[in-house]
Each structure stands twice: as C-alpha cells, then as structure tokens.
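Visitor: Have a look at this one before I ask anything.
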Amino acid sequence: MFEDLFSKGGLSLERLRSFMLMANAGSIAKAAPQAPTRQSQISRQIKELESFFGAELTQRRGKSLTLSPAGVRLTALIREQLQDLEDFRREQASAAKVFTIGSGGSTLEWLVMPHLPALSQLLGDAVLRTEMQRSKSLVESVREGRVDLAVLRHDAIPKASKANTLKLITLTFHLCVPRRLLKRGTRAEDLADTLLWAGLPFAAGRDGGQMDLAVREGMAAAGVDFKPRFECGSLLQAKQLVELGACATVLPSLGIANLSHHDILVAPFKPLAHYGRALALHWNPRQMKRRGVEDRVLREVATALRRENP
C-alpha cells in the first residue's frame with residue numbers, strides 16, 4: 001500500500017515541517033529570521049517537495065512569496081495530518097489534547113476567559129490555548145484548522161458556514177462616565193442629553209474597527225464634535241481609563257459588568273440602540289469530527305459561554 005508514494009525520495013516530516021513554517025510565517029525569511037543557513041535549507045526543502053509532488057507550491061509576486069493553489073491545499077493536508085499524529089501521541093501517553101480558542105481581545109477577556117476552566121472540562125480536561133484575532137481573521141483560521149473554536153461576530157461568518165455556529169449573546173452598547181467628571185447630582189438618565197457629552201473627555205478606539213467607526217458615526221449623528229482625548233488600541237484600555245476616572249467611553253454590555261456604579265454612571269448609548277451585535281461560537285465540522293468533538297459537546301460549550309460570568 002502506498003508504494004508509489006514512497007518510491008522516490010523527497011518526502012519527509014522535516015520537509016513538511018519546513019513548508020508549514022514558511023506557510024504560517026508568510027515567507028522563508030520570517031520562518032527563520034536572522035538565520036541565513038536555515039533559510040537556505042527551507043528553500044531547498046520546498047524545492048524538493050515541489051519535485052516530489054510535481055507541482056509548484058509557491059508563487060513569486062514581486063519580492064514576496066505566496067502559496068500557489070497546490071501549496072494552499074498541501075498546507076491544509078499537512079496541518080491535519082500533523083494534528084492527528086499529535087493527538088494520537090497524546091492519547092497513547094494518556095495526555096490531554098490541546099485545543100485553540102480564538103476571539104477578539106475584549107471578548108476573550110470578558111467572555112471567554114472567565115469560562116475557560118469549564119470549557120477545559122467539557123473538552124475532556126483539555127489544555128486550552130487562547131488566540132487573539134479579529135473576526136475576519138478568525139473565520140479564515142477556523143476554516144484552515146489553525147483555530148479549533150472561535151467566538152466572533154455572527155455577521156462576520158459566511159452564509160455557507162452559518163450552520164457551523166451557535167449564537168451566544170447579543171451585545172448592547174453603553175455610555176460610561178466617571179461621576180467625578182459630572183456635576184453633583186447627575187443621574188444616569190441625564191446622560192441622554194447629548195449637550196452633556198460635548199464637554200466630556202472621551203476615550204475611543206484607533207483601530208478603525210466596526211465598533212470604533214460605529215461610535216464615531218453615532219456621535220456625529222447626535223451632533224457631537226467628537227474629538228477623543230485618548231485613542232486606544234483596545235476596549236480594555238478604554239475601560240481602564242474610565243475606571244481611573246480620566247474620561248468617558250462607550251463599552252459593550254460585556255465590559256460594564258464589573259464597573260463600580262458608585263464611581264461610574266452607565267446609560268444606554270442611544271445612537272447604537274439598534275446596533276446590537278450577536279456573538280457566536282464557530283467551528284469547522286471536519287476539524288471537530290477528526291478531533292473527536294461531538295455536536296453535543298459543542299452545544300454544551302455554547303451553553304457554558306451563555307452563562308453569567310462565574
């Protein structure tokens with residue numbers, strides 16, 4: 001069996017590993033930074049694989065190297081087979097499997113992390129690795145098998161993959177203002193007055209993400225000349241500034257759970273009243289089947305993520 005596959009040289013785990021390193025890094029130079037000898041070795045091993053398979057695995061575009069369609073296919077095959085071998089090795093050693101769970105930074109912090117112990121138990125006391133990526137990147141990572149489970153925006157998942165999702169929660173958005181920045185006696189309902197917003201220092205995003213754009217557009221629609229004092233790389237940073245009493249910000253419902261209502265007023269951010277975004281659990285059914293994760297377990301994982309933070 002498979003005599004033809006082994007009838008000539010050029011195929012080995014080391015060569016496949018080198019190809020995967022290049023594919024994951026995006027270039028030979030990034031796969032072996034500051035190691036010219038190793039770079040030459042990877043380049044030679046890729047050529048040997050191309051000779052073995054009789055296919056062009058990479059394509060030169062200017063100064064960059066990209067995967068050919070055959071290279072993309074081979075990358076998926078290598079990743080699956082190496083994952084299967086690693087799972088088999090761990091099973092024989094009575095060791096737990098390793099699963100990667102991906103999500104955006106704030107969702108990872110506020111939704112996934114508090115439930116990580118429960119998720120590990122549901123997945124057979126698995127070792128869990130977390131991966132921070134945007135929703136668009138997570139869709140690709142799940143498809144390619146680089147991430148086993150993802151928590152991301154439901155609207156970012158292609159229609160063809162919607163069957164491989166379970167909705168978790170719908171986010172609402174809230175204006176959060178430290179009391180020290182307001183006149184004494186100001187109530188949460190008073191925050192509906194957009195004239196009050198104009199005199200507040202704000203923290204906002206600077207990543208051009210959908211929520212950042214939505215907040216800025218909402219402010220503009222409300223007639224506010226929105227010029228944030230702080231432009232943050234994440235909602236986690238914006239929340240920290242609010243907790244320090246330095247500024248106001250707009251946070252999703254996940255981010256307001258542990259705010260001190262003694263120090264911070266929280267009210268619905270009306271410009272985003274109809275902007276509710278659903279978060280969903282997403283997976284690759286082929287990946288789950290290969291790794292022995294039943295549909296029942298996926299439903300239990302989703303149920304655990306829907307619970308109030310422990």
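Residue names in the structure tokens use chain letters A, B, ... in the order shown, residue numbers from 1 in each chain, and ligand numbers from 1 in the order shown.
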Can you list every residue in stretch 164-206 of chain A that DSSP puts in helix (DSSP H, G or I), as an MDAnalysis selection string?
Guide: chainID A and resid 164 179:181 188:192 194:198
Visitor: Please report, as JSON lines, each residue of stretch 252-301 of chain A lying at most 12 Å from stretch 120-135 of chain A, together with the nearest pair of atoms and the separation in Å rounded to one decimal; use only C-alpha atoms, and order rows by chain and ascending residue number.
Guide:
```
{"residue": "A:Leu279", "atom": "CA", "partner": "A:Ser135", "partner_atom": "CA", "distance": 10.0}
{"residue": "A:Ala280", "atom": "CA", "partner": "A:Ser135", "partner_atom": "CA", "distance": 10.5}
{"residue": "A:Leu281", "atom": "CA", "partner": "A:Ser135", "partner_atom": "CA", "distance": 11.3}
{"residue": "A:His282", "atom": "CA", "partner": "A:Ser135", "partner_atom": "CA", "distance": 10.5}
{"residue": "A:Met288", "atom": "CA", "partner": "A:Leu123", "partner_atom": "CA", "distance": 11.1}
{"residue": "A:Arg291", "atom": "CA", "partner": "A:Leu123", "partner_atom": "CA", "distance": 10.4}
{"residue": "A:Gly292", "atom": "CA", "partner": "A:Leu123", "partner_atom": "CA", "distance": 9.6}
{"residue": "A:Val293", "atom": "CA", "partner": "A:Leu123", "partner_atom": "CA", "distance": 7.5}
{"residue": "A:Glu294", "atom": "CA", "partner": "A:Leu123", "partner_atom": "CA", "distance": 9.8}
{"residue": "A:Asp295", "atom": "CA", "partner": "A:Leu123", "partner_atom": "CA", "distance": 11.7}
{"residue": "A:Arg296", "atom": "CA", "partner": "A:Leu122", "partner_atom": "CA", "distance": 10.1}
{"residue": "A:Val297", "atom": "CA", "partner": "A:Leu122", "partner_atom": "CA", "distance": 6.7}
{"residue": "A:Leu298", "atom": "CA", "partner": "A:Leu122", "partner_atom": "CA", "distance": 8.8}
{"residue": "A:Arg299", "atom": "CA", "partner": "A:Leu122", "partner_atom": "CA", "distance": 10.2}
{"residue": "A:Glu300", "atom": "CA", "partner": "A:Leu122", "partner_atom": "CA", "distance": 7.3}
{"residue": "A:Val301", "atom": "CA", "partner": "A:Leu122", "partner_atom": "CA", "distance": 6.8}
```
Visitor: Can you tell me which residues surround stretch 202-212 of chain A at a distance of at most 12 Å, considering only C-alpha atoms, apart from same-chain residues fewer than 3 positions away, and format the answer as JSON, numbers by chain?
Guide: {"A": [104, 106, 134, 135, 136, 153, 155, 156, 171, 172, 173, 175, 176, 177, 178, 181, 197, 198, 199, 215, 216, 217, 218, 219, 224, 225, 226, 227, 228, 229, 230, 231, 232, 233, 234, 235, 236, 237, 238, 239, 240, 241, 242, 243, 244, 245, 246, 247, 248, 249, 250, 251, 252, 272, 275, 276, 277]}
Visitor: How about saving the chosen residues, C-alpha atoms kept, as a PDB file, in the first residue's frame?
Guide:
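Listed below is the output, out_23.pdb:
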```pdb
ATOM      1  CA  GLY A 104     -11.141  39.367  19.773  1.00  0.00           C
ATOM      2  CA  SER A 106     -12.108  42.299  24.732  1.00  0.00           C
ATOM      3  CA  ARG A 134     -10.298  39.872  14.672  1.00  0.00           C
ATOM      4  CA  SER A 135     -13.494  38.248  13.470  1.00  0.00           C
ATOM      5  CA  LYS A 136     -12.494  38.277   9.794  1.00  0.00           C
ATOM      6  CA  ARG A 153     -19.381  38.354  15.416  1.00  0.00           C
ATOM      7  CA  ASP A 155     -22.372  38.662  10.881  1.00  0.00           C
ATOM      8  CA  ALA A 156     -18.714  38.029  10.017  1.00  0.00           C
ATOM      9  CA  LEU A 171     -24.273  42.949  22.660  1.00  0.00           C
ATOM     10  CA  THR A 172     -25.773  46.282  23.619  1.00  0.00           C
ATOM     11  CA  PHE A 173     -23.732  49.482  23.962  1.00  0.00           C
ATOM     12  CA  LEU A 175     -22.115  55.291  27.677  1.00  0.00           C
ATOM     13  CA  CYS A 176     -19.874  55.100  30.767  1.00  0.00           C
ATOM     14  CA  VAL A 177     -18.936  58.314  32.571  1.00  0.00           C
ATOM     15  CA  PRO A 178     -16.987  58.720  35.831  1.00  0.00           C
ATOM     16  CA  LEU A 181     -16.432  64.379  35.560  1.00  0.00           C
ATOM     17  CA  TRP A 197     -21.369  64.686  26.038  1.00  0.00           C
ATOM     18  CA  ALA A 198     -19.775  67.625  24.253  1.00  0.00           C
ATOM     19  CA  GLY A 199     -17.992  68.768  27.403  1.00  0.00           C
ATOM     20  CA  VAL A 215     -19.290  55.032  17.820  1.00  0.00           C
ATOM     21  CA  ARG A 216     -17.772  57.873  15.802  1.00  0.00           C
ATOM     22  CA  GLU A 217     -20.680  57.835  13.348  1.00  0.00           C
ATOM     23  CA  GLY A 218     -23.133  57.733  16.264  1.00  0.00           C
ATOM     24  CA  MET A 219     -21.530  60.766  17.829  1.00  0.00           C
ATOM     25  CA  VAL A 224     -21.337  65.927  18.780  1.00  0.00           C
ATOM     26  CA  ASP A 225     -17.986  67.215  17.563  1.00  0.00           C
ATOM     27  CA  PHE A 226     -16.237  64.064  18.696  1.00  0.00           C
ATOM     28  CA  LYS A 227     -12.525  64.580  19.374  1.00  0.00           C
ATOM     29  CA  PRO A 228     -11.333  61.853  21.757  1.00  0.00           C
ATOM     30  CA  ARG A 229      -8.622  62.810  24.205  1.00  0.00           C
ATOM     31  CA  PHE A 230      -7.395  59.219  24.247  1.00  0.00           C
ATOM     32  CA  GLU A 231      -7.269  56.898  21.251  1.00  0.00           C
ATOM     33  CA  CYS A 232      -6.739  53.355  22.494  1.00  0.00           C
ATOM     34  CA  GLY A 233      -5.623  50.129  20.895  1.00  0.00           C
ATOM     35  CA  SER A 234      -8.361  48.154  22.635  1.00  0.00           C
ATOM     36  CA  LEU A 235     -11.598  48.457  24.583  1.00  0.00           C
ATOM     37  CA  LEU A 236      -9.740  47.043  27.579  1.00  0.00           C
ATOM     38  CA  GLN A 237      -7.559  50.153  27.621  1.00  0.00           C
ATOM     39  CA  ALA A 238     -10.568  52.455  27.260  1.00  0.00           C
ATOM     40  CA  LYS A 239     -12.288  50.729  30.178  1.00  0.00           C
ATOM     41  CA  GLN A 240      -9.178  51.105  32.319  1.00  0.00           C
ATOM     42  CA  LEU A 241      -9.116  54.852  31.679  1.00  0.00           C
ATOM     43  CA  VAL A 242     -12.772  55.106  32.703  1.00  0.00           C
ATOM     44  CA  GLU A 243     -12.054  53.202  35.913  1.00  0.00           C
ATOM     45  CA  LEU A 244      -9.241  55.654  36.613  1.00  0.00           C
ATOM     46  CA  GLY A 245     -11.790  58.457  36.284  1.00  0.00           C
ATOM     47  CA  ALA A 246      -9.884  60.030  33.389  1.00  0.00           C
ATOM     48  CA  CYS A 247     -12.563  60.025  30.721  1.00  0.00           C
ATOM     49  CA  ALA A 248     -15.856  58.670  29.385  1.00  0.00           C
ATOM     50  CA  THR A 249     -16.224  55.945  26.772  1.00  0.00           C
ATOM     51  CA  VAL A 250     -18.723  53.662  25.063  1.00  0.00           C
ATOM     52  CA  LEU A 251     -18.498  49.990  26.061  1.00  0.00           C
ATOM     53  CA  PRO A 252     -20.386  46.861  25.014  1.00  0.00           C
ATOM     54  CA  LEU A 272     -26.260  52.497  18.843  1.00  0.00           C
ATOM     55  CA  TYR A 275     -26.645  48.267  16.559  1.00  0.00           C
ATOM     56  CA  GLY A 276     -26.906  45.089  18.646  1.00  0.00           C
ATOM     57  CA  ARG A 277     -24.261  42.602  17.515  1.00  0.00           C
TER      58      ARG A 277
END
```
Visitor: Which residue gives the smallest distance to A:Asp148 among A:Ser161, A:Ser103, A:Thr186, A:Ser64, with only C-alpha atoms counted?
Guide: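 Of the candidates, the smallest distance to A:Asp148 is held by A:Ser103.
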Visitor: How many Å separate atom CA of A:Thr100 from atom CA of A:Ser141?
Guide: 10.4 Å
Visitor: Hey, can you check how far atom CA of A:Phe88 sits from atom CA of A:Gly10?
Guide: 25.0 Å
Visitor: Have a look at A:Val151, A:Leu82, A:Ala76, A:Thr66 and name the one nearest to A:Gly105; count only C-alpha atoms.
Guide: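 Looking at the shortest contact to A:Gly105, the residue is A:Val151.
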Visitor: Rounded to one decimal in Å, what is the spacing between atom CA of A:Arg286 and atom CA of A:Glu80?
Guide: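 Those two atoms sit 9.9 Å apart.
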Visitor: Pick from A:Leu67, A:Ala95, A:Leu195, A:Leu111: nearest to A:Ala257, with only C-alpha atoms counted?
Guide: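 Closest residue, counting only C-alpha atoms: A:Leu111.
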Visitor: Neighbouring residues of A:Leu65 were defined as those with any atom within 10 Å, considering only C-alpha atoms; residues of the same chain fewer than 2 positions away were excluded. Please report them as a PyMOL selection string.
Guide: chain A and resi 22-23+26-28+58-63+67-68
Visitor: Residues of the last selection are to be written out with N, CA and C atoms, as a PDB file, in the first residue's frame.
Guide:
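out.pdb, freshly written:
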```pdb
ATOM      1  N   MET A  22       7.135  27.960   6.695  1.00  0.00           N
ATOM      2  CA  MET A  22       7.090  29.030   5.704  1.00  0.00           C
ATOM      3  C   MET A  22       5.659  29.491   5.457  1.00  0.00           C
ATOM      4  N   ALA A  23       4.729  28.539   5.331  1.00  0.00           N
ATOM      5  CA  ALA A  23       3.335  28.881   5.052  1.00  0.00           C
ATOM      6  C   ALA A  23       2.733  29.695   6.194  1.00  0.00           C
ATOM      7  N   GLY A  26       4.565  33.220   6.323  1.00  0.00           N
ATOM      8  CA  GLY A  26       4.304  34.079   5.180  1.00  0.00           C
ATOM      9  C   GLY A  26       5.494  34.285   4.273  1.00  0.00           C
ATOM     10  N   SER A  27       6.666  33.856   4.710  1.00  0.00           N
ATOM     11  CA  SER A  27       7.864  33.955   3.872  1.00  0.00           C
ATOM     12  C   SER A  27       8.964  33.100   4.480  1.00  0.00           C
ATOM     13  N   ILE A  28       9.951  32.773   3.677  1.00  0.00           N
ATOM     14  CA  ILE A  28      11.089  31.995   4.181  1.00  0.00           C
ATOM     15  C   ILE A  28      11.888  32.813   5.192  1.00  0.00           C
ATOM     16  N   THR A  58       4.730  27.330  -4.444  1.00  0.00           N
ATOM     17  CA  THR A  58       4.789  28.763  -4.132  1.00  0.00           C
ATOM     18  C   THR A  58       4.806  29.558  -5.434  1.00  0.00           C
ATOM     19  N   GLN A  59       4.476  30.839  -5.301  1.00  0.00           N
ATOM     20  CA  GLN A  59       4.487  31.738  -6.452  1.00  0.00           C
ATOM     21  C   GLN A  59       5.181  33.021  -6.045  1.00  0.00           C
ATOM     22  N   ARG A  60       6.022  33.534  -6.938  1.00  0.00           N
ATOM     23  CA  ARG A  60       6.738  34.775  -6.668  1.00  0.00           C
ATOM     24  C   ARG A  60       5.909  35.955  -7.174  1.00  0.00           C
ATOM     25  N   ARG A  61       5.623  36.892  -6.269  1.00  0.00           N
ATOM     26  CA  ARG A  61       4.909  38.116  -6.637  1.00  0.00           C
ATOM     27  C   ARG A  61       5.754  39.302  -6.206  1.00  0.00           C
ATOM     28  N   GLY A  62       6.502  39.833  -7.166  1.00  0.00           N
ATOM     29  CA  GLY A  62       7.444  40.887  -6.818  1.00  0.00           C
ATOM     30  C   GLY A  62       8.524  40.309  -5.925  1.00  0.00           C
ATOM     31  N   LYS A  63       8.699  40.905  -4.749  1.00  0.00           N
ATOM     32  CA  LYS A  63       9.695  40.416  -3.804  1.00  0.00           C
ATOM     33  C   LYS A  63       9.106  39.438  -2.786  1.00  0.00           C
ATOM     34  N   LEU A  67       1.674  31.295  -1.503  1.00  0.00           N
ATOM     35  CA  LEU A  67       1.348  29.901  -1.782  1.00  0.00           C
ATOM     36  C   LEU A  67       0.542  29.806  -3.073  1.00  0.00           C
ATOM     37  N   SER A  68       0.866  28.814  -3.879  1.00  0.00           N
ATOM     38  CA  SER A  68       0.049  28.508  -5.051  1.00  0.00           C
ATOM     39  C   SER A  68      -1.195  27.766  -4.570  1.00  0.00           C
TER      40      SER A  68
END
```
Visitor: Which is closer to A:Leu16 than all the others in A:Gln83, A:Ser51, A:Thr75, A:Gln41, using only C-alpha atoms?
Guide: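 Closest to A:Leu16, using only C-alpha atoms: A:Thr75.
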Visitor: Using only C-alpha atoms, which residues sit within 12 Å of A:Ala160 once same-chain residues fewer than 3 positions away are excluded, as a PyMOL selection string?
Guide: chain A and resi 139+143+156-157+163-165+284
Visitor: Taking N, CA and C atoms for each residue, export the selection above as a PDB file, in the first residue's frame.
Guide:
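Saved as again_1.pdb:
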```
ATOM      1  N   VAL A 139     -12.449  33.702  11.003  1.00  0.00           N
ATOM      2  CA  VAL A 139     -13.180  32.879  10.029  1.00  0.00           C
ATOM      3  C   VAL A 139     -12.196  32.063   9.198  1.00  0.00           C
ATOM      4  N   ARG A 143     -11.473  27.933   9.269  1.00  0.00           N
ATOM      5  CA  ARG A 143     -11.551  27.183   8.015  1.00  0.00           C
ATOM      6  C   ARG A 143     -10.278  26.389   7.771  1.00  0.00           C
ATOM      7  N   ALA A 156     -19.981  38.182  10.727  1.00  0.00           N
ATOM      8  CA  ALA A 156     -18.714  38.029  10.017  1.00  0.00           C
ATOM      9  C   ALA A 156     -18.562  36.637   9.409  1.00  0.00           C
ATOM     10  N   ILE A 157     -19.435  35.720   9.784  1.00  0.00           N
ATOM     11  CA  ILE A 157     -19.337  34.332   9.322  1.00  0.00           C
ATOM     12  C   ILE A 157     -20.043  34.196   7.982  1.00  0.00           C
ATOM     13  N   ALA A 163     -24.226  27.263   9.368  1.00  0.00           N
ATOM     14  CA  ALA A 163     -24.708  26.042  10.021  1.00  0.00           C
ATOM     15  C   ALA A 163     -23.744  25.579  11.105  1.00  0.00           C
ATOM     16  N   ASN A 164     -22.492  26.018  11.019  1.00  0.00           N
ATOM     17  CA  ASN A 164     -21.478  25.598  11.984  1.00  0.00           C
ATOM     18  C   ASN A 164     -21.292  26.661  13.061  1.00  0.00           C
ATOM     19  N   THR A 165     -22.401  27.198  13.537  1.00  0.00           N
ATOM     20  CA  THR A 165     -22.361  28.234  14.564  1.00  0.00           C
ATOM     21  C   THR A 165     -23.499  28.032  15.558  1.00  0.00           C
ATOM     22  N   ASN A 284     -15.155  24.362  12.612  1.00  0.00           N
ATOM     23  CA  ASN A 284     -15.046  23.639  11.351  1.00  0.00           C
ATOM     24  C   ASN A 284     -15.495  22.201  11.616  1.00  0.00           C
TER      25      ASN A 284
END
```
Visitor: Could you please write out, as an MDAnalysis selection string, every residue of stretch 16-155 of chain A that DSSP assigns to strand (DSSP E or B)?
Guide: chainID A and resid 58:61 64:67 98:103 127:132 149:153
Visitor: Which residue, A:Leu200, A:Phe269, A:Leu259, A:Gly71, has the smallest gap to A:Ala222 when you use only C-alpha atoms?
Guide: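 So, comparing all the options, the nearest one is A:Phe269.
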